[in-house]
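Here's the structure we're looking at; comments come further down.
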Amino acid sequence: MLPAGLRLYRALHGDAGVAPAPSWPARPAGRVAWLHAPGAAAARGLGPLAKGLMQARLADAVVVTCPDPTDCPGGLVVAPPADRPQAVAAFLDHWRPDLGLWADGALRPVLLHLAAERGLPLLLVDGRAPDLPGAGWWRRLMPGLMRPFRHVLALDDAARRAFLRAGADPDTVQVTGPLEVPSRFLTVNEAERAALARTIGTRPVWLAMGVPEGEDDTIAAAHLSALRSAHRLLLILVPDAPARSAALAARLTEQFGLETARRSAEEEPGEEAQIYLADTEGEMGLWYRLAPMTWCGGTLSGPGPLRHPFEAAAMGSAILHGPETGAEAESFERLRRAGASRVVRLPGDLGDAVGDLLAADRCARLAQAAWTVSSAGAEATQLALDLAGRLLKDKPA
């Protein structure tokens, strides 16, 4: 018999108005692993997990469900079914998954119940906190929603406690930290790096990447401020749009008195250059390697960074950023929790932050912590793969 809360939920979320089943592609032959994420942040760890499932031959195919397919890793990506009996049954009938791996903790009551009825083994990874759709007193009538999950891999102790309060079996919940995220390591032309390193010599360097027009003045003022304590300091500035670099170079010189050289004009960051405009495409890895600290442009004026912060972290550069983290909020939060980034909340504070990180030991500590965050998660991903293998062990191919 269905729990009272689930009966109420199904009554309120019936099949009325449910669209016909989508025209899905044919189900692949063999074992199918089903990966589900409720959004972009949760989807990031699914890429390496999907790859691992295929490489370990735990699955012959991977089907990924995510509300926005652009957020999901490559492969067979489809929209999740509406959490209504007819839609869920059609989804499970078509794909007949052998294993389900859910990311985050957003719960779909009907889908979980019907999957459990069919004996589908479920594993929850990157568990942040259990979350039910909508709101209402009926939430209190839904104990047991965590029971279909054979294992729950929680991000931290707070997440573990939240899952236990939601009814998860204590024997199934363990703290693993986040899953591995796709590598952000960028290629570098080593000959170019060596040549520029010789030209720059022993000068201290900082990088401002993806700088929007609204932050130009802030970056220039910060550089002038930092120059007072390190008069040979070089700023490598990557504008958000290379097309505006000529006008930007002229403005930096005329308005701020900063000598500027441009990469696209084949100019060099010689001793006289105070700012080097890196206004060419496809060379971000080079700039990260040359600069021990990176400012994430767009995080003061919004809408967030032009590039992922783990790029700089993976290349060994310390990270400075503002409060506007946009779509990368989860990644910046991981850096913050690990003490792996420096947050600048006011434009006038950026110069002081740059000056503070000119101390090599402080910058190195930040860079090391950031690299650790960007490269972490391999153990959690491997544990998820090991548990998936155990759950599949007795299932026929």
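Identifiers for the structure tokens are assigned positionally: chains receive A, B, ... in sequence, residues are indexed from 1 per chain, and ligands are indexed from 1 in the order shown.
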task: Go through stretch 46-182 of chain A and collect every residue that DSSP, computed from the backbone, puts in helix (DSSP H, G or I); the answer should be as an MDAnalysis selection string.
output: chainID A and resid 46:55 69:71 85:95 109:117 137:141 157:165 170:172
Give me, as JSON lines, the closest atom pair and its distance (Å, one decimal) for every residue of stretch 258-357 of chain A within a cut-off of 10 Å of stretch 169-189 of chain A, counting only C-alpha atoms, rows sorted by chain and rising number.
{"residue": "A:Gly282", "atom": "CA", "partner": "A:Thr187", "partner_atom": "CA", "distance": 9.2}
{"residue": "A:Glu283", "atom": "CA", "partner": "A:Val188", "partner_atom": "CA", "distance": 7.3}
{"residue": "A:Met284", "atom": "CA", "partner": "A:Leu186", "partner_atom": "CA", "distance": 7.5}
{"residue": "A:Gly285", "atom": "CA", "partner": "A:Leu186", "partner_atom": "CA", "distance": 4.9}
{"residue": "A:Leu286", "atom": "CA", "partner": "A:Val188", "partner_atom": "CA", "distance": 5.3}
{"residue": "A:Trp287", "atom": "CA", "partner": "A:Val188", "partner_atom": "CA", "distance": 9.0}
{"residue": "A:Tyr288", "atom": "CA", "partner": "A:Leu186", "partner_atom": "CA", "distance": 9.1}
{"residue": "A:Arg289", "atom": "CA", "partner": "A:Val188", "partner_atom": "CA", "distance": 8.1}
{"residue": "A:His308", "atom": "CA", "partner": "A:Arg184", "partner_atom": "CA", "distance": 8.2}
{"residue": "A:Pro309", "atom": "CA", "partner": "A:Arg184", "partner_atom": "CA", "distance": 8.9}
{"residue": "A:Phe310", "atom": "CA", "partner": "A:Arg184", "partner_atom": "CA", "distance": 6.0}
{"residue": "A:Glu311", "atom": "CA", "partner": "A:Arg184", "partner_atom": "CA", "distance": 4.8}
{"residue": "A:Ala312", "atom": "CA", "partner": "A:Arg184", "partner_atom": "CA", "distance": 8.3}
{"residue": "A:Ala313", "atom": "CA", "partner": "A:Arg184", "partner_atom": "CA", "distance": 8.4}
{"residue": "A:Ala314", "atom": "CA", "partner": "A:Phe185", "partner_atom": "CA", "distance": 5.4}
{"residue": "A:Met315", "atom": "CA", "partner": "A:Phe185", "partner_atom": "CA", "distance": 6.2}
{"residue": "A:Gly316", "atom": "CA", "partner": "A:Phe185", "partner_atom": "CA", "distance": 9.7}
{"residue": "A:Ser331", "atom": "CA", "partner": "A:Val181", "partner_atom": "CA", "distance": 9.9}
{"residue": "A:Arg334", "atom": "CA", "partner": "A:Pro178", "partner_atom": "CA", "distance": 9.2}
Using N, CA and C atoms, can you write the selected residues to a file as a PDB file, in the first residue's frame?
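Resulting contents of out-v8.pdb:
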ATOM      1  N   GLY A 282      42.526  31.724 -28.093  1.00  0.00           N
ATOM      2  CA  GLY A 282      43.113  30.403 -27.909  1.00  0.00           C
ATOM      3  C   GLY A 282      44.405  30.333 -27.125  1.00  0.00           C
ATOM      4  N   GLU A 283      44.713  31.365 -26.333  1.00  0.00           N
ATOM      5  CA  GLU A 283      45.979  31.357 -25.596  1.00  0.00           C
ATOM      6  C   GLU A 283      45.795  31.499 -24.084  1.00  0.00           C
ATOM      7  N   MET A 284      44.611  31.199 -23.567  1.00  0.00           N
ATOM      8  CA  MET A 284      44.379  31.396 -22.144  1.00  0.00           C
ATOM      9  C   MET A 284      45.331  30.562 -21.290  1.00  0.00           C
ATOM     10  N   GLY A 285      45.624  29.342 -21.707  1.00  0.00           N
ATOM     11  CA  GLY A 285      46.545  28.514 -20.945  1.00  0.00           C
ATOM     12  C   GLY A 285      47.898  29.178 -20.775  1.00  0.00           C
ATOM     13  N   LEU A 286      48.342  29.876 -21.808  1.00  0.00           N
ATOM     14  CA  LEU A 286      49.623  30.592 -21.768  1.00  0.00           C
ATOM     15  C   LEU A 286      49.608  31.667 -20.694  1.00  0.00           C
ATOM     16  N   TRP A 287      48.527  32.444 -20.623  1.00  0.00           N
ATOM     17  CA  TRP A 287      48.465  33.547 -19.651  1.00  0.00           C
ATOM     18  C   TRP A 287      48.352  33.016 -18.227  1.00  0.00           C
ATOM     19  N   TYR A 288      47.599  31.947 -18.019  1.00  0.00           N
ATOM     20  CA  TYR A 288      47.532  31.352 -16.678  1.00  0.00           C
ATOM     21  C   TYR A 288      48.907  30.880 -16.211  1.00  0.00           C
ATOM     22  N   ARG A 289      49.668  30.300 -17.125  1.00  0.00           N
ATOM     23  CA  ARG A 289      50.984  29.777 -16.760  1.00  0.00           C
ATOM     24  C   ARG A 289      51.968  30.897 -16.419  1.00  0.00           C
ATOM     25  N   HIS A 308      35.610  29.611 -16.608  1.00  0.00           N
ATOM     26  CA  HIS A 308      35.475  28.840 -15.379  1.00  0.00           C
ATOM     27  C   HIS A 308      36.705  29.040 -14.486  1.00  0.00           C
ATOM     28  N   PRO A 309      36.499  29.254 -13.175  1.00  0.00           N
ATOM     29  CA  PRO A 309      37.657  29.507 -12.299  1.00  0.00           C
ATOM     30  C   PRO A 309      38.596  28.316 -12.173  1.00  0.00           C
ATOM     31  N   PHE A 310      38.104  27.101 -12.425  1.00  0.00           N
ATOM     32  CA  PHE A 310      38.973  25.939 -12.311  1.00  0.00           C
ATOM     33  C   PHE A 310      40.027  25.900 -13.414  1.00  0.00           C
ATOM     34  N   GLU A 311      39.852  26.696 -14.481  1.00  0.00           N
ATOM     35  CA  GLU A 311      40.916  26.806 -15.484  1.00  0.00           C
ATOM     36  C   GLU A 311      42.175  27.367 -14.839  1.00  0.00           C
ATOM     37  N   ALA A 312      42.031  28.496 -14.177  1.00  0.00           N
ATOM     38  CA  ALA A 312      43.189  29.107 -13.511  1.00  0.00           C
ATOM     39  C   ALA A 312      43.738  28.175 -12.443  1.00  0.00           C
ATOM     40  N   ALA A 313      42.841  27.561 -11.668  1.00  0.00           N
ATOM     41  CA  ALA A 313      43.268  26.672 -10.590  1.00  0.00           C
ATOM     42  C   ALA A 313      44.075  25.493 -11.130  1.00  0.00           C
ATOM     43  N   ALA A 314      43.594  24.898 -12.208  1.00  0.00           N
ATOM     44  CA  ALA A 314      44.278  23.734 -12.780  1.00  0.00           C
ATOM     45  C   ALA A 314      45.639  24.085 -13.347  1.00  0.00           C
ATOM     46  N   MET A 315      45.836  25.360 -13.717  1.00  0.00           N
ATOM     47  CA  MET A 315      47.103  25.797 -14.293  1.00  0.00           C
ATOM     48  C   MET A 315      48.046  26.386 -13.249  1.00  0.00           C
ATOM     49  N   GLY A 316      47.662  26.318 -11.976  1.00  0.00           N
ATOM     50  CA  GLY A 316      48.562  26.746 -10.916  1.00  0.00           C
ATOM     51  C   GLY A 316      48.530  28.216 -10.585  1.00  0.00           C
ATOM     52  N   SER A 331      31.135  26.348  -8.003  1.00  0.00           N
ATOM     53  CA  SER A 331      32.591  26.194  -8.087  1.00  0.00           C
ATOM     54  C   SER A 331      33.310  27.212  -7.204  1.00  0.00           C
ATOM     55  N   ARG A 334      33.052  26.126  -3.608  1.00  0.00           N
ATOM     56  CA  ARG A 334      34.014  25.076  -3.282  1.00  0.00           C
ATOM     57  C   ARG A 334      35.400  25.674  -3.024  1.00  0.00           C
TER      58      ARG A 334
END
task: Quick one: pull the distance between atom CA of A:Gly119 and atom CA of A:Glu379, Å, one decimal.
output: 27.7 Å
- prompt: Which residues, written as an MDAnalysis selection string, have at least one atom at most 9 Å from stretch 296-299 of chain A, with only C-alpha atoms counted and residues fewer than 4 positions away on the same chain left out?
  reply: chainID A and resid 207:212 214:215 238:240 303:309 319:326
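When only C-alpha atoms are used to compute distances to A:Glu271, the closest of the residues A:Val77, A:Ile200, A:Val354, A:Leu101 turns out to be A:Ile200.
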- request: For A:Arg390, work out the shell of residues within 12 Å, counting only C-alpha atoms and skipping chain neighbours fewer than 3 positions away, then give it as a PyMOL selection string.
  value: chain A and resi 58+99+121-123+150-151+383-387+393-395
task: Name the closest residue to A:Leu233 among the candidates A:Gly351, A:Gly339, A:Pro130, A:Pro81; distances are taken between atoms, counting only C-alpha atoms.
output: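 Closest residue, counting only C-alpha atoms: A:Gly351.
Counting from atom CA of A:Arg342, the distance to atom CA of A:Gly127 is 26.3 Å.
With atom CA of A:Arg128 on one side and atom CA of A:Asp156 on the other, the separation reads 7.9 Å.
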- line: Counting only C-alpha atoms, the residue among A:Ser264, A:Thr202, A:Thr294, A:Ser301 that lies closest to A:Asp216 is A:Ser301
Stretch 19-97 of chain A residues near stretch 102-116 of chain A within 9 Å, closest pair each, using only C-alpha atoms, as JSON lines:
{"residue": "A:Trp34", "atom": "CA", "partner": "A:Trp102", "partner_atom": "CA", "distance": 8.3}
{"residue": "A:Leu35", "atom": "CA", "partner": "A:Trp102", "partner_atom": "CA", "distance": 5.8}
{"residue": "A:His36", "atom": "CA", "partner": "A:Trp102", "partner_atom": "CA", "distance": 4.8}
{"residue": "A:Ala37", "atom": "CA", "partner": "A:Ala103", "partner_atom": "CA", "distance": 5.1}
{"residue": "A:Pro38", "atom": "CA", "partner": "A:Ala106", "partner_atom": "CA", "distance": 6.5}
{"residue": "A:Gly39", "atom": "CA", "partner": "A:Asp104", "partner_atom": "CA", "distance": 8.9}
{"residue": "A:Ala41", "atom": "CA", "partner": "A:Asp104", "partner_atom": "CA", "distance": 8.7}
{"residue": "A:Ala42", "atom": "CA", "partner": "A:Asp104", "partner_atom": "CA", "distance": 5.7}
{"residue": "A:Ala43", "atom": "CA", "partner": "A:Ala103", "partner_atom": "CA", "distance": 7.1}
{"residue": "A:Gly45", "atom": "CA", "partner": "A:Ala103", "partner_atom": "CA", "distance": 8.2}
{"residue": "A:Leu46", "atom": "CA", "partner": "A:Ala103", "partner_atom": "CA", "distance": 7.8}
{"residue": "A:Pro81", "atom": "CA", "partner": "A:Leu111", "partner_atom": "CA", "distance": 8.5}
{"residue": "A:Ala82", "atom": "CA", "partner": "A:Leu111", "partner_atom": "CA", "distance": 8.7}
{"residue": "A:Asp83", "atom": "CA", "partner": "A:Val110", "partner_atom": "CA", "distance": 5.7}
{"residue": "A:Arg84", "atom": "CA", "partner": "A:Val110", "partner_atom": "CA", "distance": 6.2}
{"residue": "A:Pro85", "atom": "CA", "partner": "A:Val110", "partner_atom": "CA", "distance": 6.4}
{"residue": "A:Val88", "atom": "CA", "partner": "A:Leu111", "partner_atom": "CA", "distance": 5.9}
{"residue": "A:Ala89", "atom": "CA", "partner": "A:Leu114", "partner_atom": "CA", "distance": 7.5}
{"residue": "A:Leu92", "atom": "CA", "partner": "A:Ala115", "partner_atom": "CA", "distance": 7.7}
task: Would you kindly return, as an MDAnalysis selection string, each protein, DNA or RNA residue with an atom no farther than 9 Å from any atom of A:Leu53, considering only C-alpha atoms and excluding same-chain residues fewer than 3 positions away?
output: chainID A and resid 33 48:50 56:62 385 388:389
Output N, CA and C atoms for every residue in the selection just made, as a PDB file, in the first residue's frame.
ATOM      1  N   ALA A  33      22.973   2.577 -18.039  1.00  0.00           N
ATOM      2  CA  ALA A  33      23.054   3.331 -16.790  1.00  0.00           C
ATOM      3  C   ALA A  33      22.341   4.663 -16.989  1.00  0.00           C
ATOM      4  N   PRO A  48      32.777  12.789 -15.831  1.00  0.00           N
ATOM      5  CA  PRO A  48      33.764  11.759 -15.498  1.00  0.00           C
ATOM      6  C   PRO A  48      33.118  10.457 -15.027  1.00  0.00           C
ATOM      7  N   LEU A  49      31.963  10.554 -14.346  1.00  0.00           N
ATOM      8  CA  LEU A  49      31.284   9.346 -13.880  1.00  0.00           C
ATOM      9  C   LEU A  49      30.765   8.533 -15.063  1.00  0.00           C
ATOM     10  N   ALA A  50      30.159   9.194 -16.037  1.00  0.00           N
ATOM     11  CA  ALA A  50      29.681   8.489 -17.229  1.00  0.00           C
ATOM     12  C   ALA A  50      30.830   7.839 -17.984  1.00  0.00           C
ATOM     13  N   ALA A  56      34.938   1.141 -17.535  1.00  0.00           N
ATOM     14  CA  ALA A  56      34.964  -0.048 -16.687  1.00  0.00           C
ATOM     15  C   ALA A  56      34.008  -1.131 -17.184  1.00  0.00           C
ATOM     16  N   ARG A  57      33.322  -0.854 -18.279  1.00  0.00           N
ATOM     17  CA  ARG A  57      32.365  -1.791 -18.873  1.00  0.00           C
ATOM     18  C   ARG A  57      31.258  -2.166 -17.904  1.00  0.00           C
ATOM     19  N   LEU A  58      30.915  -1.205 -17.053  1.00  0.00           N
ATOM     20  CA  LEU A  58      29.773  -1.392 -16.178  1.00  0.00           C
ATOM     21  C   LEU A  58      28.473  -1.100 -16.915  1.00  0.00           C
ATOM     22  N   ALA A  59      28.577  -0.370 -17.986  1.00  0.00           N
ATOM     23  CA  ALA A  59      27.412  -0.036 -18.798  1.00  0.00           C
ATOM     24  C   ALA A  59      27.807  -0.041 -20.265  1.00  0.00           C
ATOM     25  N   ASP A  60      26.850  -0.443 -21.098  1.00  0.00           N
ATOM     26  CA  ASP A  60      27.064  -0.381 -22.547  1.00  0.00           C
ATOM     27  C   ASP A  60      26.637   0.959 -23.111  1.00  0.00           C
ATOM     28  N   ALA A  61      25.800   1.662 -22.359  1.00  0.00           N
ATOM     29  CA  ALA A  61      25.341   2.989 -22.779  1.00  0.00           C
ATOM     30  C   ALA A  61      24.928   3.763 -21.544  1.00  0.00           C
ATOM     31  N   VAL A  62      24.993   5.069 -21.653  1.00  0.00           N
ATOM     32  CA  VAL A  62      24.604   5.958 -20.560  1.00  0.00           C
ATOM     33  C   VAL A  62      23.546   6.916 -21.082  1.00  0.00           C
ATOM     34  N   LEU A 385      31.829   4.424  -8.717  1.00  0.00           N
ATOM     35  CA  LEU A 385      31.959   3.368  -9.727  1.00  0.00           C
ATOM     36  C   LEU A 385      32.029   1.987  -9.069  1.00  0.00           C
ATOM     37  N   ALA A 388      28.572   1.120  -7.929  1.00  0.00           N
ATOM     38  CA  ALA A 388      27.746   0.790  -9.096  1.00  0.00           C
ATOM     39  C   ALA A 388      28.046  -0.624  -9.577  1.00  0.00           C
ATOM     40  N   GLY A 389      29.328  -0.983  -9.576  1.00  0.00           N
ATOM     41  CA  GLY A 389      29.697  -2.330  -9.988  1.00  0.00           C
ATOM     42  C   GLY A 389      29.090  -3.391  -9.093  1.00  0.00           C
TER      43      GLY A 389
END
- request: Just the residues within 12 Å of A:Gly348, please, counting only C-alpha atoms, with nothing from its chain fewer than 4 positions along; format it as a PyMOL selection string.
  value: chain A and resi 215+217-226+300+322+344+352-354
Export, as a PDB file, in the first residue's frame, the selected residues with C-alpha atoms.
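selection03.pdb, freshly written:
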ATOM      1  CA  GLU A 215      35.473  46.729 -15.004  1.00  0.00           C
ATOM      2  CA  ASP A 217      38.519  51.400 -14.762  1.00  0.00           C
ATOM      3  CA  THR A 218      38.589  49.153 -11.691  1.00  0.00           C
ATOM      4  CA  ILE A 219      41.397  47.036 -13.150  1.00  0.00           C
ATOM      5  CA  ALA A 220      43.400  50.094 -14.190  1.00  0.00           C
ATOM      6  CA  ALA A 221      43.000  51.731 -10.766  1.00  0.00           C
ATOM      7  CA  ALA A 222      43.938  48.475  -9.018  1.00  0.00           C
ATOM      8  CA  HIS A 223      47.088  48.193 -11.107  1.00  0.00           C
ATOM      9  CA  LEU A 224      48.091  51.769 -10.349  1.00  0.00           C
ATOM     10  CA  SER A 225      47.579  51.053  -6.650  1.00  0.00           C
ATOM     11  CA  ALA A 226      49.641  47.852  -6.733  1.00  0.00           C
ATOM     12  CA  LEU A 300      32.372  42.674  -9.702  1.00  0.00           C
ATOM     13  CA  GLY A 322      34.255  39.482  -6.755  1.00  0.00           C
ATOM     14  CA  VAL A 344      37.136  41.214  -3.292  1.00  0.00           C
ATOM     15  CA  ASP A 352      45.233  45.976  -1.969  1.00  0.00           C
ATOM     16  CA  ALA A 353      44.375  42.316  -2.641  1.00  0.00           C
ATOM     17  CA  VAL A 354      46.795  42.183  -5.577  1.00  0.00           C
TER      18      VAL A 354
END
- prompt: If you run DSSP on this backbone, which residues of stretch 166-232 of chain A come out as strand (DSSP E), and could you give them as an NGL selection string?
  reply: :A and (173-175 or 205-211)
Could you write out that same residue set with N, CA and C atoms as a CSV table (one decimal), in the first residue's frame?
chain,number,residue,atom,x,y,z
A,173,VAL,N,24.7,5.9,4.2
A,173,VAL,CA,25.1,7.3,3.9
A,173,VAL,C,26.6,7.4,4.4
A,174,GLN,N,27.4,8.0,3.5
A,174,GLN,CA,28.8,8.2,3.9
A,174,GLN,C,29.2,9.6,3.3
A,175,VAL,N,30.1,10.2,3.9
A,175,VAL,CA,30.7,11.5,3.5
A,175,VAL,C,31.9,11.2,2.6
A,205,VAL,N,53.9,39.4,-11.9
A,205,VAL,CA,52.9,39.5,-12.9
A,205,VAL,C,51.5,39.1,-12.2
A,206,TRP,N,50.5,39.8,-12.7
A,206,TRP,CA,49.1,39.3,-12.3
A,206,TRP,C,48.3,39.4,-13.6
A,207,LEU,N,47.2,38.6,-13.6
A,207,LEU,CA,46.4,38.4,-14.8
A,207,LEU,C,45.0,38.8,-14.5
A,208,ALA,N,44.3,39.6,-15.4
A,208,ALA,CA,42.9,39.9,-15.3
A,208,ALA,C,42.3,39.3,-16.5
A,209,MET,N,41.5,38.2,-16.4
A,209,MET,CA,41.0,37.5,-17.5
A,209,MET,C,39.5,37.8,-17.7
A,210,GLY,N,39.0,37.9,-19.0
A,210,GLY,CA,37.6,38.1,-19.3
A,210,GLY,C,37.1,39.4,-18.7
A,211,VAL,N,37.8,40.5,-18.8
A,211,VAL,CA,37.4,41.7,-18.2
A,211,VAL,C,36.4,42.4,-19.1
- request: Rank A:Ala273, A:Ala380, A:Leu248, A:Leu335 by their smallest atom-to-atom distance to A:Leu234, using only C-alpha atoms, and report the top residue only.
  value: A:Ala273
